[in-house]
>>> print(open('upload-v2.txt').read())   # compact mmCIF, C-alpha atoms (C1' of nucleotides)
# COMPACT_ATOMS: atom_id res chain seq x y z
CA MET A 1 128.49 83.33 78.51
CA PRO A 2 127.41 86.77 79.56
CA GLY A 3 127.22 87.78 75.93
CA ARG A 4 129.66 90.09 74.38
CA THR A 5 130.53 93.26 76.16
CA TRP A 6 128.96 96.50 75.10
CA ALA A 7 130.24 99.95 75.91
CA GLY A 8 132.40 98.31 78.52
CA THR A 9 129.51 96.59 80.29
CA THR A 10 127.92 93.24 79.75
CA LEU A 11 124.30 92.82 78.81
CA ASP A 12 123.41 91.51 82.23
CA ASP A 13 124.99 94.55 83.79
CA ARG A 14 122.88 96.92 81.79
CA LYS A 15 119.79 94.84 82.39
CA ALA A 16 120.36 94.98 86.13
CA LEU A 17 120.98 98.68 85.87
CA ARG A 18 117.72 99.21 84.08
CA ARG A 19 115.94 97.11 86.64
CA GLY A 20 117.37 99.35 89.30
CA GLN A 21 116.14 102.44 87.50
CA LEU A 22 112.68 100.95 87.26
CA VAL A 23 112.57 100.08 90.94
CA ALA A 24 113.80 103.56 91.82
CA ALA A 25 111.14 105.12 89.63
CA GLY A 26 108.53 102.86 91.19
CA LEU A 27 109.66 103.85 94.66
CA ASP A 28 109.40 107.49 93.75
CA LEU A 29 105.94 107.25 92.23
CA LEU A 30 104.49 104.86 94.79
CA GLY A 31 105.84 107.06 97.56
CA THR A 32 104.51 110.32 96.18
CA GLU A 33 101.71 109.85 93.67
CA GLY A 34 100.47 106.73 95.36
CA SER A 35 99.20 103.52 93.91
CA ALA A 36 97.00 105.00 91.22
CA GLY A 37 99.82 107.05 89.77
CA THR A 38 102.14 104.09 89.54
CA SER A 39 101.25 102.69 86.15
CA VAL A 40 103.62 100.83 83.88
CA ARG A 41 103.71 103.75 81.51
CA ALA A 42 104.29 106.30 84.26
CA VAL A 43 107.10 104.25 85.73
CA CYS A 44 108.75 103.93 82.33
CA ARG A 45 108.44 107.63 81.65
CA HIS A 46 109.92 108.35 85.06
CA ALA A 47 112.79 105.93 84.54
CA LYS A 48 113.34 107.22 81.01
CA LEU A 49 112.97 103.72 79.63
CA THR A 50 110.45 102.22 77.31
CA GLU A 51 107.90 99.55 78.12
CA ARG A 52 110.01 96.96 76.42
CA TYR A 53 112.54 97.15 79.23
CA PHE A 54 109.83 96.97 81.79
CA TYR A 55 108.82 93.53 80.63
CA GLU A 56 112.46 92.59 80.35
CA SER A 57 112.71 92.72 84.14
CA PHE A 58 109.14 92.22 85.37
CA ALA A 59 106.37 89.95 84.21
CA ASP A 60 103.73 92.51 85.01
CA ARG A 61 102.97 95.62 87.01
CA GLU A 62 102.36 93.56 90.11
CA GLU A 63 105.90 92.24 90.14
CA LEU A 64 107.33 95.73 90.04
CA VAL A 65 105.19 96.93 92.91
CA ALA A 66 106.12 93.87 94.95
CA ALA A 67 109.80 94.43 94.20
CA VAL A 68 109.57 98.04 95.34
CA TYR A 69 107.82 97.07 98.54
CA GLU A 70 110.25 94.31 99.32
CA HIS A 71 113.15 96.62 98.58
CA VAL A 72 111.96 99.19 101.10
CA GLY A 73 110.97 96.49 103.57
CA GLU A 74 114.39 94.94 103.48
CA GLU A 75 115.97 98.31 104.05
CA ALA A 76 113.79 98.90 107.10
CA ARG A 77 114.44 95.43 108.45
CA GLN A 78 118.15 95.91 108.12
CA ALA A 79 118.02 99.28 109.83
CA LEU A 80 116.13 97.77 112.74
CA VAL A 81 118.46 94.83 113.09
CA ASP A 82 121.47 97.13 113.07
CA ALA A 83 119.88 99.40 115.62
CA VAL A 84 119.02 96.62 118.06
CA ARG A 85 122.31 94.78 117.86
CA ASP A 86 124.68 95.60 120.69
CA ALA A 87 122.00 97.32 122.72
CA PRO A 88 122.17 95.72 126.15
CA THR A 89 118.98 96.69 127.93
CA PRO A 90 115.41 96.40 126.63
CA VAL A 91 115.01 100.13 127.09
CA SER A 92 117.98 100.98 124.94
CA ARG A 93 116.87 98.42 122.37
CA ALA A 94 113.45 100.04 122.10
CA GLU A 95 114.97 103.47 121.93
CA ASN A 96 117.46 102.56 119.23
CA ALA A 97 114.88 100.75 117.16
CA VAL A 98 112.39 103.59 117.26
CA ARG A 99 115.08 106.14 116.50
CA ALA A 100 116.33 104.18 113.53
CA PHE A 101 112.87 103.84 112.12
CA VAL A 102 112.08 107.51 112.56
CA GLU A 103 115.33 108.42 110.87
CA LEU A 104 114.50 106.20 107.94
CA ILE A 105 111.09 107.68 107.29
CA VAL A 106 112.03 111.25 108.08
CA ASP A 107 114.99 111.14 105.76
CA ASP A 108 112.71 109.79 103.08
CA PRO A 109 108.98 109.99 103.67
CA ARG A 110 108.38 108.09 100.46
CA LYS A 111 109.68 105.00 102.17
CA GLY A 112 107.46 105.55 105.16
CA ARG A 113 104.43 105.91 102.98
CA ILE A 114 105.29 102.79 101.02
CA LEU A 115 106.00 100.74 104.12
CA LEU A 116 102.94 101.82 106.06
CA LEU A 117 100.36 102.76 103.47
CA ALA A 118 101.05 100.91 100.25
CA PRO A 119 100.13 97.44 101.50
CA LEU A 120 96.74 98.81 102.42
CA THR A 121 96.20 100.79 99.25
CA ASP A 122 97.68 98.81 96.38
CA PRO A 123 95.74 95.81 95.12
CA ALA A 124 98.94 94.19 93.94
CA LEU A 125 100.14 94.03 97.54
CA THR A 126 96.89 93.33 99.35
CA ARG A 127 96.13 90.53 96.92
CA ARG A 128 99.43 88.86 97.67
CA GLY A 129 98.94 89.35 101.37
CA LEU A 130 102.26 91.08 101.11
CA HIS A 131 102.19 92.80 104.40
CA LEU A 132 105.33 93.27 106.41
CA LEU A 133 103.52 94.67 109.40
CA PRO A 134 102.45 91.18 110.51
CA VAL A 135 106.06 90.15 110.17
CA PHE A 136 107.20 93.02 112.34
CA ALA A 137 104.36 92.29 114.69
CA ALA A 138 105.56 88.70 114.99
CA LEU A 139 109.07 89.91 115.73
CA VAL A 140 107.74 92.26 118.36
CA GLY A 141 105.60 89.49 119.79
CA GLU A 142 108.63 87.30 120.34
CA GLN A 143 110.22 90.01 122.43
CA LEU A 144 107.30 90.31 124.78
CA SER A 145 107.73 88.72 128.15
CA ARG A 146 104.23 88.30 129.46
CA GLY A 147 101.15 86.39 128.44
CA ASP A 148 100.39 83.33 126.41
CA GLU A 149 100.69 82.92 122.65
CA THR A 150 97.57 84.76 121.55
CA GLU A 151 97.91 87.39 124.24
CA ARG A 152 101.33 88.33 122.94
CA ARG A 153 100.03 88.34 119.41
CA MET A 154 97.20 90.72 120.23
CA VAL A 155 99.52 93.03 122.08
CA ALA A 156 101.96 93.02 119.18
CA VAL A 157 99.29 93.72 116.58
CA GLY A 158 97.95 96.59 118.65
CA LEU A 159 101.38 98.02 119.25
CA VAL A 160 102.29 97.95 115.59
CA GLY A 161 98.99 99.62 114.77
CA ALA A 162 99.58 102.34 117.31
CA LEU A 163 103.08 103.03 116.04
CA SER A 164 101.95 103.01 112.42
CA ASN A 165 99.18 105.45 113.06
CA VAL A 166 101.40 107.81 114.98
CA PHE A 167 104.00 107.68 112.23
CA ILE A 168 101.42 108.26 109.53
CA ALA A 169 99.98 111.23 111.39
CA TYR A 170 103.49 112.59 111.80
CA LEU A 171 104.24 112.02 108.13
CA ASP A 172 101.24 113.82 106.71
CA GLY A 173 101.71 116.71 109.09
CA SER A 174 98.52 116.21 111.06
CA LEU A 175 100.57 115.52 114.18
CA LYS A 176 102.81 118.49 114.78
CA VAL A 177 105.39 117.52 117.31
CA SER A 178 109.16 117.60 117.59
CA ARG A 179 111.07 114.56 116.49
CA GLU A 180 112.46 114.02 119.94
CA ARG A 181 109.04 113.98 121.45
CA LEU A 182 107.81 111.61 118.77
CA VAL A 183 110.63 109.22 119.55
CA ALA A 184 110.05 109.50 123.26
CA HIS A 185 106.37 108.79 122.93
CA CYS A 186 106.93 105.79 120.69
CA VAL A 187 109.48 104.39 123.08
CA LYS A 188 106.94 104.76 125.85
CA LEU A 189 104.39 102.89 123.73
CA VAL A 190 106.81 100.06 123.08
CA LEU A 191 107.80 99.72 126.71
CA GLY A 192 104.24 100.19 127.94
CA ALA A 193 103.01 97.39 125.70
CA ASP A 194 105.17 94.90 127.51
CA GLY A 195 105.88 95.37 131.17
CA HIS A 196 103.01 97.80 131.56
CA MET B 1 54.71 120.17 93.78
CA PRO B 2 55.98 116.62 94.18
CA GLY B 3 54.88 115.87 90.64
CA ARG B 4 52.04 113.59 89.90
CA THR B 5 51.98 110.22 91.53
CA TRP B 6 53.16 107.18 89.66
CA ALA B 7 52.41 103.61 90.51
CA GLY B 8 51.25 104.89 93.89
CA THR B 9 54.51 106.64 94.63
CA THR B 10 55.69 110.13 93.87
CA LEU B 11 58.68 110.81 91.71
CA ASP B 12 60.72 111.96 94.66
CA ASP B 13 59.94 108.73 96.44
CA ARG B 14 61.22 106.62 93.62
CA LYS B 15 64.23 108.84 93.19
CA ALA B 16 65.10 108.43 96.85
CA LEU B 17 64.54 104.69 96.57
CA ARG B 18 66.94 104.47 93.66
CA ARG B 19 69.46 106.51 95.55
CA GLY B 20 69.19 104.04 98.36
CA GLN B 21 69.75 101.13 96.01
CA LEU B 22 72.84 102.83 94.64
CA VAL B 23 74.26 103.50 98.08
CA ALA B 24 73.55 99.91 99.08
CA ALA B 25 75.29 98.63 95.97
CA GLY B 26 78.20 100.95 96.63
CA LEU B 27 78.45 99.69 100.19
CA ASP B 28 78.49 96.13 98.97
CA LEU B 29 81.14 96.67 96.35
CA LEU B 30 83.34 98.99 98.37
CA GLY B 31 83.18 96.55 101.26
CA THR B 32 84.02 93.44 99.24
CA GLU B 33 85.72 94.26 95.95
CA GLY B 34 87.37 97.35 97.31
CA SER B 35 87.92 100.71 95.75
CA ALA B 36 89.02 99.52 92.33
CA GLY B 37 85.93 97.38 91.85
CA THR B 38 83.59 100.22 92.71
CA SER B 39 83.13 101.88 89.35
CA VAL B 40 80.03 103.72 88.23
CA ARG B 41 79.17 100.95 85.84
CA ALA B 42 79.73 98.21 88.40
CA VAL B 43 77.59 99.98 90.95
CA CYS B 44 74.81 100.40 88.42
CA ARG B 45 74.99 96.77 87.39
CA HIS B 46 74.87 95.76 91.03
CA ALA B 47 71.91 97.99 91.78
CA LYS B 48 70.15 96.91 88.60
CA LEU B 49 69.85 100.48 87.49
CA THR B 50 71.26 102.28 84.51
CA GLU B 51 73.84 105.03 84.50
CA ARG B 52 71.16 107.57 83.92
CA TYR B 53 69.86 107.10 87.44
CA PHE B 54 73.32 107.28 88.84
CA TYR B 55 73.74 110.84 87.64
CA GLU B 56 70.23 111.59 88.76
CA SER B 57 71.39 111.23 92.38
CA PHE B 58 75.12 111.87 92.26
CA ALA B 59 77.20 114.38 90.36
CA ASP B 60 80.04 111.94 89.94
CA ARG B 61 81.59 108.78 91.28
CA GLU B 62 83.21 110.68 94.11
CA GLU B 63 79.90 111.76 95.51
CA LEU B 64 78.66 108.19 95.66
CA VAL B 65 81.73 106.97 97.47
CA ALA B 66 81.50 109.84 99.93
CA ALA B 67 77.83 109.10 100.51
CA VAL B 68 78.56 105.46 101.22
CA TYR B 69 81.33 106.34 103.64
CA GLU B 70 79.26 108.91 105.44
CA HIS B 71 76.37 106.49 105.62
CA VAL B 72 78.47 103.86 107.35
CA GLY B 73 80.21 106.45 109.49
CA GLU B 74 76.94 107.85 110.73
CA GLU B 75 75.76 104.36 111.58
CA ALA B 76 78.89 103.74 113.61
CA ARG B 77 78.67 107.07 115.33
CA GLN B 78 75.08 106.44 116.30
CA ALA B 79 75.92 102.97 117.61
CA LEU B 80 78.68 104.42 119.77
CA VAL B 81 76.53 107.22 121.11
CA ASP B 82 73.79 104.77 122.00
CA ALA B 83 76.25 102.45 123.66
CA VAL B 84 77.85 105.12 125.78
CA ARG B 85 74.67 106.81 126.91
CA ASP B 86 73.51 105.72 130.34
CA ALA B 87 76.77 104.00 131.14
CA PRO B 88 77.80 105.41 134.49
CA THR B 89 81.44 104.50 134.96
CA PRO B 90 84.31 105.05 132.52
CA VAL B 91 84.93 101.32 132.53
CA SER B 92 81.40 100.44 131.51
CA ARG B 93 81.46 103.20 128.91
CA ALA B 94 84.58 101.76 127.34
CA GLU B 95 83.17 98.27 127.49
CA ASN B 96 79.88 99.22 125.91
CA ALA B 97 81.51 101.26 123.18
CA VAL B 98 83.91 98.53 122.21
CA ARG B 99 81.20 95.92 122.27
CA ALA B 100 78.92 98.00 120.07
CA PHE B 101 81.65 98.57 117.54
CA VAL B 102 82.60 94.91 117.44
CA GLU B 103 78.98 93.96 116.95
CA LEU B 104 78.68 96.39 114.08
CA ILE B 105 81.67 95.09 112.17
CA VAL B 106 81.14 91.43 113.01
CA ASP B 107 77.56 91.56 111.86
CA ASP B 108 78.74 93.13 108.65
CA PRO B 109 82.45 93.07 107.89
CA ARG B 110 81.84 95.20 104.82
CA LYS B 111 81.15 98.12 107.09
CA GLY B 112 84.29 97.51 109.05
CA ARG B 113 86.36 97.44 105.92
CA ILE B 114 84.77 100.62 104.64
CA LEU B 115 85.17 102.43 107.91
CA LEU B 116 88.74 101.39 108.56
CA LEU B 117 90.24 100.76 105.15
CA ALA B 118 88.37 102.75 102.51
CA PRO B 119 89.60 106.19 103.58
CA LEU B 120 93.12 104.93 103.12
CA THR B 121 92.53 103.21 99.82
CA ASP B 122 90.05 105.29 97.86
CA PRO B 123 91.32 108.48 96.23
CA ALA B 124 87.86 109.98 96.40
CA LEU B 125 88.04 109.85 100.19
CA THR B 126 91.68 110.61 100.77
CA ARG B 127 91.42 113.61 98.48
CA ARG B 128 88.57 115.03 100.51
CA GLY B 129 90.41 114.31 103.71
CA LEU B 130 87.28 112.40 104.54
CA HIS B 131 88.61 110.44 107.43
CA LEU B 132 86.48 109.71 110.43
CA LEU B 133 89.30 108.17 112.42
CA PRO B 134 90.76 111.60 113.26
CA VAL B 135 87.30 112.61 114.37
CA PHE B 136 87.03 109.60 116.63
CA ALA B 137 90.56 110.22 117.79
CA ALA B 138 89.63 113.76 118.71
CA LEU B 139 86.63 112.49 120.65
CA VAL B 140 88.79 110.00 122.46
CA GLY B 141 91.35 112.70 123.15
CA GLU B 142 88.77 114.83 124.88
CA GLN B 143 87.97 111.99 127.23
CA LEU B 144 91.53 111.57 128.36
CA SER B 145 92.34 112.96 131.74
CA ARG B 146 96.11 113.32 131.78
CA GLY B 147 98.66 115.28 129.86
CA ASP B 148 98.71 118.49 127.90
CA GLU B 149 97.13 119.15 124.51
CA THR B 150 99.63 117.38 122.27
CA GLU B 151 100.20 114.59 124.75
CA ARG B 152 96.53 113.70 124.67
CA ARG B 153 96.52 113.95 120.91
CA MET B 154 99.41 111.52 120.54
CA VAL B 155 97.83 109.08 122.93
CA ALA B 156 94.53 109.27 121.08
CA VAL B 157 96.14 108.76 117.67
CA GLY B 158 98.05 105.77 118.95
CA LEU B 159 95.02 104.26 120.59
CA VAL B 160 92.89 104.57 117.47
CA GLY B 161 95.68 103.00 115.45
CA ALA B 162 95.99 100.11 117.86
CA LEU B 163 92.24 99.46 117.84
CA SER B 164 92.05 99.74 114.04
CA ASN B 165 94.88 97.30 113.53
CA VAL B 166 93.43 94.78 115.95
CA PHE B 167 90.04 95.05 114.28
CA ILE B 168 91.52 94.70 110.82
CA ALA B 169 93.52 91.65 111.85
CA TYR B 170 90.39 90.19 113.37
CA LEU B 171 88.39 90.99 110.25
CA ASP B 172 90.69 89.34 107.77
CA GLY B 173 91.09 86.29 109.94
CA SER B 174 94.76 86.72 110.70
CA LEU B 175 93.95 87.17 114.38
CA LYS B 176 92.06 84.11 115.52
CA VAL B 177 90.53 84.85 118.87
CA SER B 178 87.09 84.67 120.44
CA ARG B 179 84.90 87.71 120.27
CA GLU B 180 84.80 88.00 124.02
CA ARG B 181 88.54 88.04 124.24
CA LEU B 182 88.76 90.60 121.47
CA VAL B 183 86.38 92.86 123.33
CA ALA B 184 88.24 92.36 126.60
CA HIS B 185 91.56 93.18 125.03
CA CYS B 186 90.26 96.31 123.33
CA VAL B 187 88.70 97.50 126.56
CA LYS B 188 92.04 97.03 128.23
CA LEU B 189 93.69 99.07 125.48
CA VAL B 190 91.21 101.89 125.90
CA LEU B 191 91.55 101.98 129.66
CA GLY B 192 95.29 101.52 129.55
CA ALA B 193 95.70 104.47 127.23
CA ASP B 194 94.36 106.80 129.85
CA GLY B 195 94.99 106.03 133.47
CA HIS B 196 97.82 103.65 132.65
C1' DA C 1 42.12 107.84 74.12
C1' DG C 2 45.51 111.50 74.05
C1' DG C 3 49.66 113.14 75.49
C1' DA C 4 52.89 114.34 79.02
C1' DT C 5 56.07 111.97 81.68
C1' DC C 6 58.94 108.46 83.10
C1' DT C 7 61.80 104.40 82.12
C1' DG C 8 65.47 101.42 80.50
C1' DA C 9 68.59 99.71 77.14
C1' DC C 10 72.17 101.17 74.53
C1' DA C 11 75.64 103.92 71.76
C1' DA C 12 79.18 107.38 71.72
C1' DC C 13 82.99 110.02 73.42
C1' DA C 14 87.64 110.57 74.71
C1' DG C 15 90.68 108.93 77.85
C1' DT C 16 93.84 105.35 80.29
C1' DT C 17 95.19 100.87 81.36
C1' DG C 18 98.31 96.45 80.66
C1' DT C 19 100.63 94.05 77.30
C1' DA C 20 102.69 92.86 72.89
C1' DG C 21 104.66 93.62 68.42
C1' DT C 22 107.08 96.13 64.55
C1' DC C 23 110.85 98.55 62.47
C1' DA C 24 114.52 101.73 61.56
C1' DA C 25 118.68 103.16 63.58
C1' DC C 26 122.79 102.27 66.07
C1' DC C 27 126.93 100.03 67.77
C1' DG C 28 131.07 97.43 68.47
C1' DA C 29 133.28 92.80 67.73
C1' DG C 30 135.11 90.00 64.07
C1' DC D 1 133.29 97.07 56.55
C1' DT D 2 129.92 94.13 57.57
C1' DC D 3 126.83 91.63 60.32
C1' DG D 4 124.09 90.53 64.38
C1' DG D 5 122.88 91.85 68.89
C1' DT D 6 120.88 95.97 71.04
C1' DT D 7 118.23 99.98 71.42
C1' DG D 8 114.26 103.18 71.48
C1' DA D 9 110.31 105.20 69.42
C1' DC D 10 106.21 103.96 67.90
C1' DT D 11 101.81 101.49 66.93
C1' DA D 12 98.15 98.05 67.98
C1' DC D 13 94.93 95.83 70.74
C1' DA D 14 91.21 94.93 73.74
C1' DA D 15 89.34 96.19 77.93
C1' DC D 16 88.01 99.43 80.91
C1' DT D 17 86.89 104.23 82.88
C1' DG D 18 83.53 108.51 83.66
C1' DT D 19 80.12 110.90 81.44
C1' DT D 20 76.48 112.34 78.19
C1' DG D 21 73.19 111.59 74.74
C1' DT D 22 69.54 109.20 71.98
C1' DC D 23 65.25 106.85 71.35
C1' DA D 24 61.65 103.44 71.50
C1' DG D 25 58.41 102.01 74.61
C1' DA D 26 55.89 101.70 79.00
C1' DT D 27 52.95 104.18 82.41
C1' DC D 28 49.41 106.79 84.32
C1' DC D 29 46.66 111.33 84.79
C1' DT D 30 43.03 113.95 82.56
>>> encode(input="upload-v2.txt", output="structure tokens")
Amino acid sequence: MPGRTWAGTTLDDRKALRRGQLVAAGLDLLGTEGSAGTSVRAVCRHAKLTERYFYESFADREELVAAVYEHVGEEARQALVDAVRDAPTPVSRAENAVRAFVELIVDDPRKGRILLLAPLTDPALTRRGLHLLPVFAALVGEQLSRGDETERRMVAVGLVGALSNVFIAYLDGSLKVSRERLVAHCVKLVLGADGH
Amino acid sequence: MPGRTWAGTTLDDRKALRRGQLVAAGLDLLGTEGSAGTSVRAVCRHAKLTERYFYESFADREELVAAVYEHVGEEARQALVDAVRDAPTPVSRAENAVRAFVELIVDDPRKGRILLLAPLTDPALTRRGLHLLPVFAALVGEQLSRGDETERRMVAVGLVGALSNVFIAYLDGSLKVSRERLVAHCVKLVLGADGH
DNA sequence: AGGATCTGACAACAGTTGTAGTCAACCGAG
DNA sequence: CTCGGTTGACTACAACTGTTGTCAGATCCT
């Protein structure tokens, strides 16, 4: 019972479409204007929809922000998984992963800002503890060869912090360096964190 | 011409005292409730003063936030300078510096949160580019022995990011580890960033 | 005691926020 | 053609924001 069709599309189709527009608008605003500029009204204006449709897809502002963050996070996770698969040596794995991530955030700095900055700046995300960095850190930690449980965890947390900071500096232009050199340095960080 | 004395204190004295109360209240709110909870009204409520006295000492909300941040930043800077002075070897310098910083933010996590998180989360600080981490990073960079200009800069940025992330994880309890071990690990990070 | 000065509570302004509701217009299936 | 689901513009609400202004009363010097 998807309801009767309308202009060739079912109601659910259009609803999903509108949801997509809202998420896209949220991604745009959160990635450029930042958290403060991402209000329900601003998102609706940006998506050229009215508030009514906002609450059709999201219970409140928080849900939208979470959806945007998870959307970007999933994209990044997928990119990393794809990059690491079929890479035989640890060195090539690190290189591929770093390169994939750099490509993602250079192609679209909004996503980098959302991934790295938003969880620190938006109450809706900090309140939920919605923080993918720990998740990535855990993944990294599993790859490490040396040390006991907490040792690996500390190393992973530090490594993720180092990478984040370097990326952020690169993103906002305060670290002027070629992309190749950025990648090379990050690879060195990743490798250095493990085997030393 | 300090004006006539009042209840034993001059006007300027009381004005400075009120300013102190406001900064203290701002520190408390910014370090616990975060940026969103640090409104002019909330600060005044917290300091048990009325808005009138707020604008007696600060032109606007931004000035208060900046004052709080600079207050905490100066405290940290002083603690680091004191810790490093009279430490002969690079190793003892690193150890003392890390220990001093940990003491500062363990004694009072509000200060850690302000120092590490606030510049990322509060528009009043990001807008001013008021970010002490780059300053610290620059200081660290000068201490490094190897590499050319940009190389040192990248290393310093990464190191500061690693330390920040470890501290933040420690602060919010997601990194459960003894203080001694935290210090030891951070020292290792600092030393490892340079001589490898 | 008189009078300048300082204090604190409070109101007012215009703005934005999240969230909910109303209502006329539209559209396509029967 | 008509009727009901769908749309979008709009208003309403209460809560908050930064900021400025008012005004009665307390305080202390002369």
>>> atom_distance(input="upload-v2.txt", atom1="atom CA of A:Leu189", atom2="atom CA of B:Ala97")
22.9 Å
>>> interface_residues(input="upload-v2.txt", of="chain B", to="chain A", cutoff="7 Å", atoms="only C-alpha atoms", output="PyMOL selection string")
chain B and resi 120-121+154+157-159+161-166
>>> closest_residue(input="upload-v2.txt", among="A:Glu51, A:Glu62, A:Glu180, A:Glu149", to="D:DA9", atoms="all atoms listed in the file")
A:Glu51
>>> interface_residues(input="upload-v2.txt", of="chain C", to="chain B", cutoff="9 Å", atoms="all atoms listed in the file", output="list in words")
DC6, DG8 and DA9 of chain C
>>> residues_around(input="upload-v2.txt", residues="D:DT11", least_positions_apart="6", cutoff="12 Å", atoms="only C-alpha atoms (C1' of nucleotides)", output="list in words")
DA20, DG21, DT22 and DC23 of chain C
>>> closest_residue(input="upload-v2.txt", among="B:Arg128, B:His46, B:Arg41, B:His71", to="chain D", atoms="all atoms listed in the file")
B:Arg41
>>> residues_around(input="upload-v2.txt", residues="C:DA12", least_positions_apart="5", cutoff="10 Å", atoms="all atoms listed in the file", output="JSON, numbers by chain")
{"D": [20, 21, 22]}
>>> interface_residues(input="upload-v2.txt", of="chain D", to="chain B", cutoff="10 Å", atoms="all atoms listed in the file", output="list in words")
DT17, DG18, DT19, DT20, DT27, DC28 and DC29 of chain D
>>> residues_around(input="upload-v2.txt", residues="stretch 87-95 of chain A", least_positions_apart="5", cutoff="9 Å", atoms="only C-alpha atoms (C1' of nucleotides)", output="list of chain:residue names")
A:Ala100, A:Val183, A:Ala184, A:Cys186, A:Val187, A:Lys188, A:Val190, A:Leu191
>>> build_atoms(input="upload-v2.txt", residues="stretch 69-80 of chain A", atoms="N, CA and C atoms", output="mmCIF file, in the coordinates of the input")
data_model
loop_
_atom_site.group_PDB
_atom_site.id
_atom_site.type_symbol
_atom_site.label_atom_id
_atom_site.label_comp_id
_atom_site.auth_asym_id
_atom_site.auth_seq_id
_atom_site.Cartn_x
_atom_site.Cartn_y
_atom_site.Cartn_z
ATOM 1 N N TYR A 69 108.188 97.233 97.127
ATOM 2 C CA TYR A 69 107.820 97.070 98.540
ATOM 3 C C TYR A 69 108.856 96.235 99.275
ATOM 4 N N GLU A 70 109.277 95.160 98.649
ATOM 5 C CA GLU A 70 110.250 94.310 99.320
ATOM 6 C C GLU A 70 111.595 95.031 99.480
ATOM 7 N N HIS A 71 111.924 95.835 98.495
ATOM 8 C CA HIS A 71 113.150 96.620 98.580
ATOM 9 C C HIS A 71 113.127 97.511 99.811
ATOM 10 N N VAL A 72 112.067 98.276 99.956
ATOM 11 C CA VAL A 72 111.960 99.190 101.100
ATOM 12 C C VAL A 72 111.877 98.386 102.399
ATOM 13 N N GLY A 73 111.111 97.304 102.366
ATOM 14 C CA GLY A 73 110.970 96.490 103.570
ATOM 15 C C GLY A 73 112.293 95.943 104.050
ATOM 16 N N GLU A 74 113.082 95.486 103.112
ATOM 17 C CA GLU A 74 114.390 94.940 103.480
ATOM 18 C C GLU A 74 115.278 96.018 104.096
ATOM 19 N N GLU A 75 115.181 97.208 103.518
ATOM 20 C CA GLU A 75 115.970 98.310 104.050
ATOM 21 C C GLU A 75 115.582 98.600 105.499
ATOM 22 N N ALA A 76 114.276 98.618 105.738
ATOM 23 C CA ALA A 76 113.790 98.900 107.100
ATOM 24 C C ALA A 76 114.222 97.783 108.048
ATOM 25 N N ARG A 77 114.073 96.550 107.598
ATOM 26 C CA ARG A 77 114.440 95.430 108.450
ATOM 27 C C ARG A 77 115.911 95.515 108.844
ATOM 28 N N GLN A 78 116.721 95.808 107.857
ATOM 29 C CA GLN A 78 118.150 95.910 108.120
ATOM 30 C C GLN A 78 118.456 97.034 109.112
ATOM 31 N N ALA A 79 117.797 98.153 108.929
ATOM 32 C CA ALA A 79 118.020 99.280 109.830
ATOM 33 C C ALA A 79 117.658 98.904 111.262
ATOM 34 N N LEU A 80 116.557 98.167 111.399
ATOM 35 C CA LEU A 80 116.130 97.770 112.740
ATOM 36 C C LEU A 80 117.109 96.785 113.358
#
